[in-house]
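Q: structure-v6.txt is reproduced in full below (compact mmCIF, C-alpha atoms and all ligand atoms).
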```txt
# COMPACT_ATOMS: atom_id res chain seq x y z
CA MET A 478 133.05 58.65 -14.64
CA SER A 479 131.48 61.41 -12.55
CA ASN A 480 132.19 65.02 -13.52
CA LYS A 481 131.95 66.02 -9.86
CA ARG A 482 135.12 67.48 -8.31
CA THR A 483 134.23 66.55 -4.71
CA ASN A 484 131.26 65.71 -2.49
CA LEU A 485 130.16 68.58 -0.27
CA ASN A 486 128.04 66.23 1.86
CA GLY A 487 125.13 68.55 2.62
CA ARG A 488 127.36 71.28 4.11
CA ASP A 489 126.23 74.91 4.22
CA PHE A 490 128.13 77.65 2.37
CA ILE A 491 127.34 81.36 2.62
CA VAL A 492 127.45 82.98 -0.83
CA VAL A 493 127.47 86.76 -0.43
CA GLY A 494 126.33 88.20 -3.75
CA GLY A 495 124.74 84.87 -4.71
CA ALA A 496 121.94 86.57 -6.68
CA GLY A 497 124.41 88.06 -9.16
CA TYR A 498 125.85 86.77 -12.41
CA ILE A 499 128.81 84.81 -11.06
CA GLY A 500 127.26 84.16 -7.63
CA SER A 501 124.22 82.37 -9.07
CA HIS A 502 126.51 80.03 -11.03
CA VAL A 503 128.53 79.41 -7.85
CA CYS A 504 125.31 78.50 -5.99
CA LYS A 505 124.33 76.11 -8.76
CA VAL A 506 127.61 74.17 -8.68
CA ILE A 507 127.63 74.03 -4.87
CA SER A 508 124.19 72.43 -5.06
CA GLU A 509 125.31 70.07 -7.85
CA HIS A 510 128.21 68.94 -5.66
CA GLY A 511 125.90 68.13 -2.75
CA GLY A 512 126.26 71.33 -0.70
CA ARG A 513 123.65 73.92 0.31
CA PRO A 514 124.34 77.48 -0.89
CA ILE A 515 122.87 80.24 1.29
CA THR A 516 122.62 83.52 -0.58
CA PHE A 517 123.17 86.78 1.32
CA ASP A 518 122.33 89.61 -1.10
CA ASN A 519 120.59 93.00 -1.13
CA LEU A 520 119.50 92.58 -4.77
CA SER A 521 121.05 95.94 -5.68
CA THR A 522 122.31 94.48 -8.97
CA GLY A 523 121.34 90.82 -8.51
CA HIS A 524 118.04 89.14 -9.27
CA ALA A 525 115.66 87.18 -7.03
CA HIS A 526 114.93 84.87 -9.99
CA ALA A 527 118.60 83.79 -10.01
CA VAL A 528 118.37 82.39 -6.45
CA LYS A 529 117.21 78.82 -7.02
CA TRP A 530 119.38 76.40 -5.08
CA GLY A 531 119.07 77.33 -1.42
CA PRO A 532 117.81 79.85 1.15
CA PHE A 533 117.91 83.59 0.52
CA GLU A 534 118.69 86.24 3.14
CA ASN A 535 118.02 89.79 2.06
CA VAL A 536 120.94 91.52 3.77
CA ASP A 537 123.19 94.41 2.93
CA VAL A 538 126.78 93.36 3.49
CA ARG A 539 127.53 96.70 5.17
CA HIS A 540 125.03 96.14 8.02
CA GLY A 541 126.70 94.23 10.83
CA ALA A 542 123.58 93.59 12.93
CA ASN A 543 121.68 92.18 9.94
CA LEU A 544 124.67 90.03 9.02
CA ASP A 545 124.81 88.69 12.61
CA ALA A 546 121.14 87.74 12.47
CA ALA A 547 121.62 86.00 9.12
CA PHE A 548 124.79 84.16 10.20
CA ALA A 549 123.02 82.99 13.40
CA LYS A 550 120.56 81.00 11.25
CA TYR A 551 123.39 78.94 9.68
CA PRO A 552 125.84 78.15 12.49
CA GLU A 553 127.35 75.22 10.59
CA ALA A 554 128.53 77.42 7.70
CA LYS A 555 132.27 77.95 8.14
CA ILE A 556 133.20 78.94 4.57
CA VAL A 557 132.01 82.26 3.14
CA ILE A 558 132.27 83.09 -0.57
CA HIS A 559 132.34 86.88 -0.99
CA LEU A 560 131.25 88.12 -4.40
CA ALA A 561 129.13 91.16 -3.44
CA SER A 562 130.58 94.29 -4.95
CA SER A 563 130.00 97.33 -7.10
CA ILE A 564 131.65 96.39 -10.38
CA GLU A 565 130.93 99.01 -13.03
CA VAL A 566 134.28 100.72 -13.60
CA GLY A 567 132.86 104.00 -14.99
CA ILE A 568 130.55 104.48 -12.01
CA GLY A 569 133.52 103.95 -9.71
CA GLU A 570 135.33 106.89 -11.33
CA LYS A 571 132.30 109.18 -10.95
CA HIS A 572 131.24 108.01 -7.48
CA PRO A 573 134.29 106.68 -5.61
CA ALA A 574 132.64 107.31 -2.22
CA GLU A 575 129.87 104.86 -3.09
CA PHE A 576 132.37 102.34 -4.42
CA TYR A 577 134.62 102.42 -1.36
CA ASP A 578 131.58 102.24 0.88
CA ASN A 579 130.00 99.26 -0.84
CA ASN A 580 133.18 97.34 -1.53
CA VAL A 581 135.62 98.19 1.26
CA THR A 582 133.22 99.05 4.12
CA GLY A 583 131.13 96.08 3.04
CA ALA A 584 134.09 93.68 3.14
CA LEU A 585 135.16 94.98 6.57
CA ALA A 586 131.65 94.52 7.98
CA LEU A 587 131.51 91.02 6.51
CA LEU A 588 134.91 89.95 7.87
CA ASN A 589 133.96 91.27 11.32
CA ALA A 590 130.62 89.44 11.20
CA MET A 591 132.52 86.28 10.19
CA ARG A 592 134.70 86.60 13.27
CA ARG A 593 131.65 86.97 15.52
CA ALA A 594 130.02 83.98 13.81
CA GLU A 595 133.27 81.98 14.03
CA ALA A 596 133.35 81.39 10.28
CA THR A 597 136.92 80.35 9.49
CA HIS A 598 137.43 80.61 5.71
CA VAL A 599 136.69 83.17 3.01
CA VAL A 600 136.92 82.94 -0.77
CA PHE A 601 137.21 86.44 -2.18
CA SER A 602 136.31 87.46 -5.75
CA SER A 603 139.11 89.73 -6.87
CA THR A 604 140.06 90.76 -10.36
CA CYS A 605 142.84 91.13 -12.91
CA ALA A 606 142.08 94.88 -12.59
CA THR A 607 144.23 94.88 -9.42
CA TYR A 608 147.39 94.50 -11.54
CA GLY A 609 147.20 97.78 -13.44
CA GLU A 610 149.34 98.73 -16.41
CA THR A 611 151.96 96.21 -17.47
CA GLU A 612 153.24 94.59 -20.63
CA ASN A 613 154.31 91.40 -18.87
CA MET A 614 152.01 88.78 -20.35
CA PRO A 615 150.94 86.22 -19.36
CA LEU A 616 150.29 87.82 -15.98
CA LEU A 617 151.74 86.06 -12.97
CA GLU A 618 150.32 86.53 -9.48
CA THR A 619 153.67 88.04 -8.47
CA GLU A 620 153.21 90.98 -10.88
CA PRO A 621 153.13 94.27 -8.89
CA GLN A 622 149.58 95.38 -8.14
CA ASN A 623 149.11 99.02 -9.20
CA PRO A 624 145.43 99.29 -10.14
CA VAL A 625 144.38 102.13 -12.42
CA SER A 626 140.65 102.24 -11.67
CA THR A 627 138.82 102.98 -8.45
CA TYR A 628 137.23 99.56 -8.90
CA GLY A 629 140.65 97.85 -8.94
CA LYS A 630 141.82 99.95 -5.98
CA THR A 631 138.85 98.89 -3.84
CA LYS A 632 139.46 95.24 -4.67
CA LEU A 633 143.17 95.54 -3.82
CA ALA A 634 142.29 97.24 -0.51
CA ILE A 635 140.11 94.23 0.32
CA GLU A 636 142.89 91.80 -0.62
CA HIS A 637 145.14 93.61 1.87
CA MET A 638 142.41 93.63 4.52
CA ILE A 639 141.94 89.88 4.20
CA GLN A 640 145.71 89.31 4.46
CA SER A 641 145.78 91.34 7.70
CA PHE A 642 142.85 89.34 9.09
CA HIS A 643 144.81 86.18 8.33
CA THR A 644 147.92 87.43 10.13
CA ALA A 645 146.11 88.80 13.17
CA TYR A 646 143.06 86.54 13.54
CA GLY A 647 143.95 83.39 11.62
CA LEU A 648 141.31 83.82 8.92
CA ASN A 649 141.99 81.37 6.09
CA TYR A 650 141.47 82.74 2.61
CA VAL A 651 141.77 82.19 -1.09
CA THR A 652 141.64 85.25 -3.30
CA LEU A 653 140.54 84.38 -6.83
CA ARG A 654 141.56 87.04 -9.36
CA TYR A 655 139.10 86.45 -12.16
CA PHE A 656 139.85 87.58 -15.69
CA ASN A 657 136.87 88.27 -18.05
CA ALA A 658 133.82 86.31 -16.88
CA CYS A 659 131.52 85.35 -19.74
CA GLY A 660 129.07 82.77 -21.07
CA ALA A 661 126.06 81.32 -19.29
CA ASP A 662 124.96 78.13 -17.62
CA ALA A 663 124.27 75.33 -20.15
CA SER A 664 120.59 75.26 -19.08
CA GLY A 665 120.12 78.83 -20.34
CA ASP A 666 118.31 79.68 -17.08
CA ILE A 667 120.97 81.92 -15.58
CA GLY A 668 123.41 84.22 -17.30
CA GLU A 669 124.78 87.74 -17.48
CA GLU A 670 122.16 90.38 -16.58
CA HIS A 671 124.10 93.49 -15.58
CA ASP A 672 122.42 96.88 -15.73
CA PRO A 673 124.14 98.90 -17.05
CA GLU A 674 125.89 96.25 -19.14
CA THR A 675 129.47 97.12 -20.06
CA HIS A 676 130.91 93.72 -21.02
CA LEU A 677 131.75 93.04 -24.65
CA ILE A 678 129.98 89.71 -25.23
CA PRO A 679 126.49 90.59 -23.90
CA LEU A 680 126.71 94.00 -25.60
CA ALA A 681 127.62 92.41 -28.93
CA ILE A 682 124.99 89.68 -28.67
CA THR A 683 122.19 92.08 -27.79
CA SER A 684 123.37 94.27 -30.66
CA ALA A 685 123.15 91.26 -33.04
CA LEU A 686 119.67 90.58 -31.64
CA GLY A 687 118.67 94.16 -32.57
CA GLN A 688 118.11 95.10 -28.91
CA ARG A 689 120.65 97.94 -29.06
CA GLY A 690 122.49 99.97 -31.67
CA LYS A 691 125.77 99.21 -33.41
CA MET A 692 128.67 97.98 -31.29
CA LYS A 693 131.52 100.34 -30.54
CA ILE A 694 135.01 98.88 -30.54
CA PHE A 695 137.32 101.10 -28.49
CA GLY A 696 140.67 101.14 -30.26
CA THR A 697 141.35 99.38 -33.55
CA ASN A 698 145.02 100.38 -33.89
CA TYR A 699 146.61 98.51 -31.00
CA ASP A 700 149.79 96.53 -31.49
CA THR A 701 147.88 93.24 -31.80
CA PRO A 702 147.34 91.02 -34.88
CA ASP A 703 143.98 92.61 -35.80
CA GLY A 704 144.48 95.94 -34.00
CA THR A 705 141.88 95.32 -31.28
CA CYS A 706 142.39 94.60 -27.57
CA ILE A 707 143.12 91.09 -26.38
CA ARG A 708 141.55 89.69 -23.21
CA ASP A 709 141.32 86.37 -21.36
CA TYR A 710 137.71 85.11 -21.47
CA ILE A 711 136.85 82.50 -18.87
CA HIS A 712 133.45 80.80 -18.84
CA VAL A 713 131.37 81.62 -15.76
CA SER A 714 130.76 77.88 -15.18
CA ASP A 715 134.53 77.41 -14.95
CA ILE A 716 134.80 80.31 -12.50
CA ALA A 717 132.05 78.66 -10.45
CA LEU A 718 133.95 75.35 -10.45
CA ALA A 719 137.08 77.15 -9.24
CA HIS A 720 135.12 77.78 -6.02
CA ILE A 721 134.44 74.06 -5.63
CA ASP A 722 138.15 73.37 -6.15
CA THR A 723 138.94 76.05 -3.54
CA ILE A 724 136.63 74.42 -0.99
CA ALA A 725 138.31 71.06 -1.67
CA ALA A 726 141.72 72.71 -1.23
CA PHE A 727 140.61 74.22 2.11
CA ASP A 728 139.47 70.73 3.14
CA ARG A 729 142.97 69.46 2.33
CA GLY A 730 144.43 72.14 4.64
CA LEU A 731 145.22 75.08 2.34
CA ASP A 732 145.30 78.21 4.49
CA THR A 733 146.01 81.10 2.10
CA ALA A 734 146.49 81.73 -1.62
CA GLU A 735 146.08 84.35 -4.30
CA VAL A 736 145.45 82.84 -7.72
CA ASN A 737 144.54 83.96 -11.21
CA ILE A 738 141.39 82.45 -12.66
CA GLY A 739 141.83 82.65 -16.41
CA THR A 740 142.52 80.44 -19.40
CA GLY A 741 145.91 81.83 -20.38
CA ILE A 742 144.58 82.38 -23.91
CA GLY A 743 144.24 85.87 -25.36
CA VAL A 744 141.23 86.55 -27.61
CA SER A 745 140.75 89.81 -29.51
CA ASN A 746 137.57 91.92 -29.66
CA LEU A 747 137.24 91.17 -33.37
CA GLU A 748 137.56 87.42 -32.82
CA ILE A 749 134.64 87.69 -30.39
CA LEU A 750 132.51 89.56 -32.93
CA LYS A 751 133.35 87.09 -35.71
CA THR A 752 132.46 84.11 -33.51
CA ILE A 753 129.12 85.72 -32.64
CA GLU A 754 128.43 86.27 -36.35
CA LYS A 755 129.22 82.61 -37.06
CA ILE A 756 127.11 81.20 -34.23
CA SER A 757 124.15 83.54 -34.66
CA GLY A 758 124.22 83.67 -38.47
CA ARG A 759 123.65 87.44 -38.16
CA PRO A 760 125.91 90.27 -39.31
CA LEU A 761 127.46 92.30 -36.53
CA PRO A 762 128.59 95.67 -37.87
CA TYR A 763 130.62 97.82 -35.48
CA ILE A 764 131.87 101.38 -35.15
CA SER A 765 135.57 102.05 -34.52
CA ALA A 766 135.81 104.36 -31.50
CA PRO A 767 138.87 105.96 -29.88
CA ARG A 768 140.87 104.01 -27.30
CA ARG A 769 139.70 104.34 -23.68
CA ALA A 770 142.14 105.64 -21.07
CA GLY A 771 143.64 102.81 -19.02
CA ASP A 772 142.77 99.99 -21.48
CA LEU A 773 145.77 97.73 -21.99
CA SER A 774 146.34 96.24 -25.44
CA LYS A 775 146.73 92.73 -24.03
CA LEU A 776 145.68 91.17 -20.74
CA TYR A 777 145.77 87.44 -20.14
CA ALA A 778 146.56 85.21 -17.21
CA ASP A 779 149.28 82.81 -16.40
CA PRO A 780 146.91 80.10 -15.12
CA ARG A 781 149.50 77.64 -13.77
CA LYS A 782 149.30 78.61 -10.08
CA ALA A 783 145.55 77.89 -9.95
CA LYS A 784 146.24 74.38 -11.22
CA ILE A 785 149.04 73.78 -8.74
CA THR A 786 147.42 75.39 -5.70
CA ILE A 787 143.73 74.53 -5.96
CA GLY A 788 143.76 71.97 -8.78
CA PHE A 789 141.72 74.20 -11.11
CA SER A 790 141.80 74.09 -14.87
CA PRO A 791 139.03 75.33 -17.15
CA LYS A 792 136.90 72.93 -19.18
CA HIS A 793 134.03 75.10 -20.46
CA SER A 794 136.02 78.05 -21.84
CA ASP A 795 136.31 77.13 -25.50
CA LEU A 796 135.31 80.36 -27.32
CA ARG A 797 132.50 78.68 -29.27
CA ASN A 798 131.00 77.31 -26.06
CA ILE A 799 131.26 80.71 -24.40
CA ILE A 800 129.45 82.43 -27.27
CA GLN A 801 126.91 79.62 -27.78
CA THR A 802 125.83 79.58 -24.12
CA ALA A 803 125.70 83.39 -23.95
CA TRP A 804 123.70 83.45 -27.20
CA ASN A 805 121.24 80.84 -25.88
CA PHE A 806 120.73 82.87 -22.71
CA HIS A 807 120.23 86.25 -24.38
CA SER A 808 118.01 84.88 -27.16
CA LYS A 809 115.49 83.62 -24.60
CA ALA A 810 112.48 85.79 -23.67
CA PRO A 811 113.19 88.49 -21.04
CA ARG A 812 113.10 87.27 -17.46
CA ASN A 813 110.91 88.74 -14.71
N1 LIG B 901 131.98 89.95 -14.18
C1 LIG B 901 133.31 89.91 -14.34
O1 LIG B 901 133.84 89.81 -15.48
C2 LIG B 901 134.23 89.94 -13.12
C3 LIG B 901 135.62 89.94 -13.34
C4 LIG B 901 136.46 89.98 -12.23
C5 LIG B 901 135.93 90.01 -10.95
N2 LIG B 901 134.59 90.02 -10.76
C6 LIG B 901 134.06 90.06 -9.38
O2 LIG B 901 133.10 89.03 -9.24
C7 LIG B 901 132.09 89.44 -8.32
C8 LIG B 901 130.72 89.20 -8.92
O3 LIG B 901 130.59 89.91 -10.14
P1 LIG B 901 129.28 89.80 -11.04
O4 LIG B 901 129.69 90.06 -12.43
O5 LIG B 901 128.56 88.56 -10.70
O6 LIG B 901 128.46 91.07 -10.51
P2 LIG B 901 126.91 91.19 -10.17
O7 LIG B 901 126.63 92.65 -10.05
O8 LIG B 901 126.08 90.39 -11.10
O9 LIG B 901 126.83 90.50 -8.74
C9 LIG B 901 127.12 91.19 -7.52
C10 LIG B 901 126.08 90.77 -6.50
O10 LIG B 901 126.39 91.41 -5.26
C11 LIG B 901 125.21 91.97 -4.72
N3 LIG B 901 125.59 93.11 -3.87
C12 LIG B 901 126.22 94.25 -4.27
N4 LIG B 901 126.36 95.07 -3.21
C13 LIG B 901 125.82 94.43 -2.14
C14 LIG B 901 125.66 94.78 -0.76
N5 LIG B 901 126.06 95.96 -0.27
N6 LIG B 901 125.05 93.88 0.06
C15 LIG B 901 124.61 92.68 -0.42
N7 LIG B 901 124.73 92.31 -1.70
C16 LIG B 901 125.33 93.18 -2.55
C17 LIG B 901 124.38 92.38 -5.92
O11 LIG B 901 123.00 92.52 -5.65
C18 LIG B 901 124.67 91.21 -6.89
O12 LIG B 901 123.76 90.14 -6.67
C19 LIG B 901 132.38 90.89 -7.98
O13 LIG B 901 133.03 90.92 -6.73
C20 LIG B 901 133.32 91.34 -9.09
O14 LIG B 901 134.20 92.34 -8.63
C21 LIG B 901 133.71 89.99 -11.82
```
What does the file become when written as structure tokens?
A:
Amino acid sequence: MSNKRTNLNGRDFIVVGGAGYIGSHVCKVISEHGGRPITFDNLSTGHAHAVKWGPFENVDVRHGANLDAAFAKYPEAKIVIHLASSIEVGIGEKHPAEFYDNNVTGALALLNAMRRAEATHVVFSSTCATYGETENMPLLETEPQNPVSTYGKTKLAIEHMIQSFHTAYGLNYVTLRYFNACGADASGDIGEEHDPETHLIPLAITSALGQRGKMKIFGTNYDTPDGTCIRDYIHVSDIALAHIDTIAAFDRGLDTAEVNIGTGIGVSNLEILKTIEKISGRPLPYISAPRRAGDLSKLYADPRKAKITIGFSPKHSDLRNIIQTAWNFHSKAPRN
């Protein structure tokens, strides 16, 4: 039996941010399902070597005229997947003007360019960081959205913008609120290459590889079984497949939805470190550091709406597979 979710029949899809970590995996699965991914990216945090499955347009999402010229080359593309964003939470606190400009101004310019190009559907990469502080786990999509960070606030502003564009201009959309993206493509050719890196798994693996100092675990006295924070880790290949399911749902007539993209399973920081030790066969000592402001003790999704609305359920997000694929990617020689 084929593992393919649907046949995209040679159709064009614009992937804004397609040179990044998640975007490159999205491009790969679009290609594997018979579509053509067209990457729009300014390579500010993405990598030219991660664009392998279709044309590349070097455009900044904030520049309307450049977007118009790029859209004009692909008039058949009606669905736009919008992943381009500033994502590093700490930078957002220090430089909110840059964050709002890149994320919110960028999204507005893109949505306006979509209208001019008569693109009809957008898939937006949002985040569990739009929910803010709550103890109601697992998190339902109906949970009030009160983001703590500037990052979360910019993403929520974009969610609202997209909803207004639906009401006023008929734009169809699916907002995917990803939980913690992790792992790497099974080939080992693409994976997580953020700079600066702030995510636990790549930090821990590069620490085990001796490429950085000891890991810091922020908070070891939370009200959780081992005292460390619990998060919902979803394999990047599953996140990518959620986009294929979204396209198929659009094709069936879905017009709008906001859905969590997570596993529903909470995994602690220490469980991650122990699994890396097991898979790598290397010790992974860590330093206990104070809690960080705004970090919740537990954060994991209720994943049922994604299954009902777009037919998505994860199949690559077993913790061992996450760590194994990330380990394979990071153990390879540095990329150029
Ligand atoms: N990584 C996670 O755990 C996670 C979790 C939740 C949500 N998200 C969302 O997923 C999306 C992708 O995240 P990622 O981890 O792949 O990040 P990434 O930094 O690897 O990818 C972002 C891409 O967008 C491009 N980009 C940024 N600003 C641009 C601009 N002005 N014009 C054109 N291109 C621009 C970058 O060059 C990069 O290729 C983001 O929207 C992020 O908010 C990520």
Q: Name each residue within 6 Å of ligand LIG 901 (chain B), counting all atoms listed in the file, as number ranges by chain.
A: A: 494-500, 518-523, 536-539, 560-564, 579, 602-604, 655-658, 671
Q: A:Ala590: which residues within 7 Å, counting all atoms listed in the file, same-chain residues fewer than 6 positions away excluded, as a ChimeraX atom specification?
A: /A:541,544-545
Q: Rounded to one decimal, what separation in Å do you get between atom CA of A:Asp795 and atom CA of A:Gly758?
A: 18.9 Å
Q: Which residue gives the smallest distance to A:Phe642 among A:Ile764, A:Leu747, A:Ala584, A:Ala554, with only C-alpha atoms counted?
A: A:Ala584
Q: Kindly indicate which residue among A:Ala634, A:Ala596, A:Val651, A:Leu718 lies nearest to A:Pro791, using all atoms listed in the file for the distances.
A: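 So, comparing all the options, the nearest one is A:Leu718.
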Q: With only C-alpha atoms counted, which protein, DNA or RNA residues have an atom no more than 6 Å from (121.3, 90.4, -21.8) in the file frame? Please answer as a list in words.
A: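 Output: Glu670, Pro679 and His807 of chain A.
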Q: Which polymer residues have any atom within 10 Å of an atom of stretch 768-776 of chain A, counting all atoms listed in the file, with same-chain residues fewer than 5 positions away left out, as a PyMOL selection string?
A: chain A and resi 605-606+608-616+624-626+656-657+694-701+704-709+741-745
Q: Print the selection's residues with C-alpha atoms to a file, as a PDB file, in the frame of the given file.
A:
```pdb
ATOM      1  CA  CYS A 605     142.840  91.130 -12.910  1.00  0.00           C
ATOM      2  CA  ALA A 606     142.080  94.880 -12.590  1.00  0.00           C
ATOM      3  CA  TYR A 608     147.390  94.500 -11.540  1.00  0.00           C
ATOM      4  CA  GLY A 609     147.200  97.780 -13.440  1.00  0.00           C
ATOM      5  CA  GLU A 610     149.340  98.730 -16.410  1.00  0.00           C
ATOM      6  CA  THR A 611     151.960  96.210 -17.470  1.00  0.00           C
ATOM      7  CA  GLU A 612     153.240  94.590 -20.630  1.00  0.00           C
ATOM      8  CA  ASN A 613     154.310  91.400 -18.870  1.00  0.00           C
ATOM      9  CA  MET A 614     152.010  88.780 -20.350  1.00  0.00           C
ATOM     10  CA  PRO A 615     150.940  86.220 -19.360  1.00  0.00           C
ATOM     11  CA  LEU A 616     150.290  87.820 -15.980  1.00  0.00           C
ATOM     12  CA  PRO A 624     145.430  99.290 -10.140  1.00  0.00           C
ATOM     13  CA  VAL A 625     144.380 102.130 -12.420  1.00  0.00           C
ATOM     14  CA  SER A 626     140.650 102.240 -11.670  1.00  0.00           C
ATOM     15  CA  PHE A 656     139.850  87.580 -15.690  1.00  0.00           C
ATOM     16  CA  ASN A 657     136.870  88.270 -18.050  1.00  0.00           C
ATOM     17  CA  ILE A 694     135.010  98.880 -30.540  1.00  0.00           C
ATOM     18  CA  PHE A 695     137.320 101.100 -28.490  1.00  0.00           C
ATOM     19  CA  GLY A 696     140.670 101.140 -30.260  1.00  0.00           C
ATOM     20  CA  THR A 697     141.350  99.380 -33.550  1.00  0.00           C
ATOM     21  CA  ASN A 698     145.020 100.380 -33.890  1.00  0.00           C
ATOM     22  CA  TYR A 699     146.610  98.510 -31.000  1.00  0.00           C
ATOM     23  CA  ASP A 700     149.790  96.530 -31.490  1.00  0.00           C
ATOM     24  CA  THR A 701     147.880  93.240 -31.800  1.00  0.00           C
ATOM     25  CA  GLY A 704     144.480  95.940 -34.000  1.00  0.00           C
ATOM     26  CA  THR A 705     141.880  95.320 -31.280  1.00  0.00           C
ATOM     27  CA  CYS A 706     142.390  94.600 -27.570  1.00  0.00           C
ATOM     28  CA  ILE A 707     143.120  91.090 -26.380  1.00  0.00           C
ATOM     29  CA  ARG A 708     141.550  89.690 -23.210  1.00  0.00           C
ATOM     30  CA  ASP A 709     141.320  86.370 -21.360  1.00  0.00           C
ATOM     31  CA  GLY A 741     145.910  81.830 -20.380  1.00  0.00           C
ATOM     32  CA  ILE A 742     144.580  82.380 -23.910  1.00  0.00           C
ATOM     33  CA  GLY A 743     144.240  85.870 -25.360  1.00  0.00           C
ATOM     34  CA  VAL A 744     141.230  86.550 -27.610  1.00  0.00           C
ATOM     35  CA  SER A 745     140.750  89.810 -29.510  1.00  0.00           C
TER      36      SER A 745
END
```
Q: For A:Ala549, list every protein, DNA or RNA residue within 12 Å, evaluated using only C-alpha atoms, and leave out those in the same chain fewer than 2 positions away; present the list as a PyMOL selection string.
A: chain A and resi 491+534+542-547+551-555+590-591+593-596
Q: Please determine an axis-aligned box that encloses all atoms of stretch 795-809 of chain A listed in the file, with 5 Å added on each side, and express its centre and edge lengths in Å to one decimal as JSON.
A:
```
{"center_x": 125.9, "center_y": 81.7, "center_z": -26.0, "size_x": 30.8, "size_y": 19.1, "size_z": 16.6}
```
Q: Considering all atoms listed in the file, state which residue in the set A:Glu575, A:Asp715, A:Glu748, A:Glu618 is at the smallest distance from A:Ile678.
A: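 For A:Ile678, the nearest of the candidates is A:Glu748.
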